[in-house]
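Visitor: Have a look at the structure that comes next, please.
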Amino acid sequence: MKLVILDRDGVINEDRDDFVKSPAEWVPIEHSLEAIANLTQSGWRVVVATNQSGIGRGLFDMQALNAMHEKMHRLVGQAGGRIDAVLFCPHGPSAGCDCRKPLPGMVLEIAERFNVKLDGLPLIGDSRRDLESVAAVGGLPILVKTGKGAKTLADGELPAGTLVFDDLYDAAEYLIDSRER
């Protein structure tokens, strides 16, 4: 099975310094929906793993998060794609949970749930913590320059083997092409 993990904010949708708190604030990045559709139509399973500390911080509630994800699923479906699952960490940075990236809790749960090997499992993100969460278990970290990605790249200290692309569309095309060979 071909499976890719995507971070949400800054990869699929535009990120905001004050958090994406409602469906109205959830705005897809140009070509991200098409990228997911291309992955789906090429036989990839797509799973989202996202830190959503806005819940723990009291900035929005589960109803708002569910509404954002319903919008994401609907728009991806209209583009011809599918997201097979969305995992999220609702905890703040000081909660001490094992699901919050950069810890690999969500990656491990996805691998178990979908019965995929961790070795080489791609995760596309825009922050070092996204990349570290998959690198810690032998997966393939992929950085996109959207969202916080350009700053992450400029800051350096990326996990070994990190691939870098302009956006989700380019990263998806790479995965599609590389796995069809």
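Chain labels A, B, ... are given in the sequence in which chains occur in the structure tokens; within each chain residues are numbered consecutively from 1, and ligands are likewise numbered from 1 in the order shown.
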Write out as a PyMOL selection string each polymer residue whose atoms come within 6 Å of region 58-75 of chain A, counting only C-alpha atoms; drop sequence neighbours fewer than 5 positions from it.
Guide: chain A and resi 21-23
Visitor: Could you name the residues that touch Ser178 (chain A) at 12 Å or less, counting only C-alpha atoms, but leaving out those on the same chain fewer than 5 positions away, as number ranges by chain?
Guide: A: 2, 42, 122, 171-173
Visitor: With only C-alpha atoms as the atoms that count, which of A:Glu30, A:Asp155, A:Asp119, A:Asp130 lies nearest to Leu143 (chain A)?
Guide: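 Looking only at the distances to Leu143 (chain A), the closest residue turns out to be A:Asp130.
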Visitor: Quick check for you: according to DSSP on this backbone, which residues of region 62-101 of chain A are classed as strand (DSSP E or B)? Reply as a list in words.
Guide: Ala85, Val86, Leu87, Phe88 and Cys89 of chain A
Visitor: Considering only helix (DSSP H, G or I) as DSSP defines it on the backbone, what residues of region 26-137 of chain A qualify? List them as a PyMOL selection string.
Guide: chain A and resi 32-41+53-56+62-78+105-114+128-135
Visitor: Please report the interatomic distance between CA of Pro90 (chain A) and CA of Gln52 (chain A) in Å with one decimal.
Guide: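 About the pair CA of Pro90 (chain A) and CA of Gln52 (chain A): they are 4.9 Å apart.
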Visitor: Excluding Ser94 (chain A) and its own-chain neighbours fewer than 4 positions away, which residues fall within 12 Å of it when counting only C-alpha atoms? Please give them as a PDB file with N, CA and C atoms, in the first residue's frame.
Guide:
```pdb
ATOM      1  N   SER A  53      -3.290  22.579  18.769  1.00  0.00           N
ATOM      2  CA  SER A  53      -3.236  23.049  20.154  1.00  0.00           C
ATOM      3  C   SER A  53      -4.221  24.178  20.429  1.00  0.00           C
ATOM      4  N   GLY A  56      -6.615  22.926  22.975  1.00  0.00           N
ATOM      5  CA  GLY A  56      -6.089  22.963  24.335  1.00  0.00           C
ATOM      6  C   GLY A  56      -5.941  24.379  24.877  1.00  0.00           C
ATOM      7  N   ARG A  57      -5.751  25.318  23.994  1.00  0.00           N
ATOM      8  CA  ARG A  57      -5.590  26.719  24.384  1.00  0.00           C
ATOM      9  C   ARG A  57      -6.942  27.438  24.511  1.00  0.00           C
ATOM     10  N   PRO A  90      -4.820  17.509  20.259  1.00  0.00           N
ATOM     11  CA  PRO A  90      -5.472  18.706  20.766  1.00  0.00           C
ATOM     12  C   PRO A  90      -4.701  19.401  21.888  1.00  0.00           C
ATOM     13  N   ASP A  98       2.257  12.128  24.039  1.00  0.00           N
ATOM     14  CA  ASP A  98       3.154  11.547  23.040  1.00  0.00           C
ATOM     15  C   ASP A  98       2.607  11.676  21.623  1.00  0.00           C
ATOM     16  N   ARG A 100       1.763  14.759  20.230  1.00  0.00           N
ATOM     17  CA  ARG A 100       2.114  16.047  19.655  1.00  0.00           C
ATOM     18  C   ARG A 100       3.452  15.954  18.926  1.00  0.00           C
TER      19      ARG A 100
END
```
